[in-house]
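Novice: One structure coming up, written as structure tokens, with questions to follow.
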Amino acid sequence: MKRIKRTIINKIKNSQFVITVHARKRMSERFVSEVDIIEVANTLESIVYQEKRDTFLLTGFNTWEQQLKISAAIRSEVIIVTVFFEEDENENNNYE
């Protein structure tokens with residue numbers, strides 16, 4: 001599992017990720033850029049596997065130093081599923 005987590009972090013840091021339509025929509029609504037996604041990987045506080053969703057929840061900070069969470073899946077590439085701030089977390093529980 002540690003190897004998978006390192007792979008996700010490294011791919012995000014190197015801009016090697018794909019963003020879903022859902023995540024793009026949330027990014028637009030929340031004024032989150034691709035640079036913010038990279039910054040989360042650079043300032044990572046935690047990365048937790050979410051078995052129910054088969055995703056990893058990354059917590060770090062955006063370029064405005066606000067805590068930001070990213071839900072990412074790894075298949076043949078890293079896929080950004082959604083992004084949200086701490087205060088949006090309850091809303092995010094229903095993103096499927």
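Residues in the structure tokens are named by chain (A, B, ... in the order shown) and by number from 1 within that chain; ligands are numbered from 1 in the order shown.
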Near Val32 of chain A, within 9 Å and counting only C-alpha atoms, which residues show up once chain neighbours fewer than 5 positions away are dropped, as number ranges by chain?

Specialist: A: 24, 26-27, 37, 62, 83-84

Novice: DSSP on the backbone, alpha helix (DSSP H) only: what residues of chain A does that give? Format it as a PyMOL selection string.

Specialist: chain A and resi 2-13+21-30+34-42+89-92

Novice: Report as a PDB file with C-alpha atoms, in the first residue's frame all protein, DNA and RNA residues lying within 10 Å of segment 11-14 of chain A, evaluated on only C-alpha atoms, omitting residues in the same chain fewer than 6 positions from it.

Specialist:
```
ATOM      1  CA  LYS A   5       0.538   5.976  -2.033  1.00  0.00           C
ATOM      2  CA  GLU A  34      -4.472  22.258 -11.009  1.00  0.00           C
ATOM      3  CA  VAL A  35      -1.663  24.088  -9.191  1.00  0.00           C
ATOM      4  CA  ILE A  37      -3.906  19.960  -6.562  1.00  0.00           C
ATOM      5  CA  ILE A  38      -0.127  19.799  -6.938  1.00  0.00           C
ATOM      6  CA  GLU A  39       0.285  21.942  -3.809  1.00  0.00           C
ATOM      7  CA  VAL A  40      -1.784  19.427  -1.807  1.00  0.00           C
ATOM      8  CA  ALA A  41       0.737  16.734  -2.763  1.00  0.00           C
ATOM      9  CA  ASN A  42       3.602  19.050  -1.787  1.00  0.00           C
ATOM     10  CA  ALA A  72      -7.949  10.277  -6.179  1.00  0.00           C
ATOM     11  CA  GLU A  77      -3.098   6.528 -14.250  1.00  0.00           C
ATOM     12  CA  VAL A  78      -3.957   8.784 -11.324  1.00  0.00           C
ATOM     13  CA  ILE A  79      -7.490  10.104 -11.645  1.00  0.00           C
ATOM     14  CA  ILE A  80      -8.650  13.098  -9.623  1.00  0.00           C
TER      15      ILE A  80
END
```

Novice: Going by DSSP on the backbone, which residues of chain A come out as strand (DSSP E or B)? List them as a VMD selection string.

Specialist: chain A and resid 17 to 19 46 to 50 55 to 61 67 to 74 78 to 85

Novice: Kindly export the residues of the current selection with C-alpha atoms, as a CSV table (one decimal), in the first residue's frame.

Specialist:
```csv
chain,number,residue,atom,x,y,z
A,17,PHE,CA,-3.0,13.0,-13.5
A,18,VAL,CA,-6.4,13.1,-15.2
A,19,ILE,CA,-9.3,15.1,-13.8
A,46,SER,CA,-2.3,12.6,5.2
A,47,ILE,CA,-3.3,10.0,2.6
A,48,VAL,CA,-5.9,7.5,3.5
A,49,TYR,CA,-7.4,4.6,1.5
A,50,GLN,CA,-11.1,4.7,1.3
A,55,THR,CA,-10.1,5.9,-3.7
A,56,PHE,CA,-7.4,7.7,-1.7
A,57,LEU,CA,-8.2,10.8,0.3
A,58,LEU,CA,-5.3,13.3,0.3
A,59,THR,CA,-5.3,16.2,2.8
A,60,GLY,CA,-3.0,19.1,2.4
A,61,PHE,CA,-3.1,22.8,1.6
A,67,GLN,CA,-6.8,22.9,3.9
A,68,LEU,CA,-7.9,21.1,0.8
A,69,LYS,CA,-8.9,17.4,0.3
A,70,ILE,CA,-8.6,15.5,-2.9
A,71,SER,CA,-10.1,12.2,-3.7
A,72,ALA,CA,-7.9,10.3,-6.2
A,73,ALA,CA,-8.2,6.9,-7.8
A,74,ILE,CA,-5.4,5.0,-9.4
A,78,VAL,CA,-4.0,8.8,-11.3
A,79,ILE,CA,-7.5,10.1,-11.6
A,80,ILE,CA,-8.6,13.1,-9.6
A,81,VAL,CA,-12.2,12.2,-8.7
A,82,THR,CA,-13.2,15.3,-6.7
A,83,VAL,CA,-11.8,18.1,-4.6
A,84,PHE,CA,-13.3,19.8,-1.5
A,85,PHE,CA,-12.5,21.9,1.5
```

Novice: So which one's closest to Gln66 of chain A, A:Glu29, A:Ile8, A:Ala23, A:Thr43? Using only C-alpha atoms, please.

Specialist: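 Closest to Gln66 of chain A, using only C-alpha atoms: A:Thr43.
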
Novice: For each of A:His22, A:Asp88, A:Ile9, A:Lys2, take the minimum atom-to-atom distance to Glu45 of chain A, counting only C-alpha atoms, then give the residue where this is smallest.

Specialist: A:Ile9

Novice: Tell me which of A:Arg75, A:Glu87, A:Glu51, A:Ser33 sits closest to Thr63 of chain A, counting only C-alpha atoms.

Specialist: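 Of all the options, A:Ser33 lies closest to Thr63 of chain A.
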
Novice: Go ahead and compute the interatomic distance for atom CA of Asp36 of chain A and atom CA of Glu65 of chain A, in Å to one decimal.

Specialist: 9.6 Å

Novice: Quick check, in Å to one decimal: how far apart do atom CA of Asp54 of chain A and atom CA of Ser76 of chain A lie?

Specialist: 14.0 Å
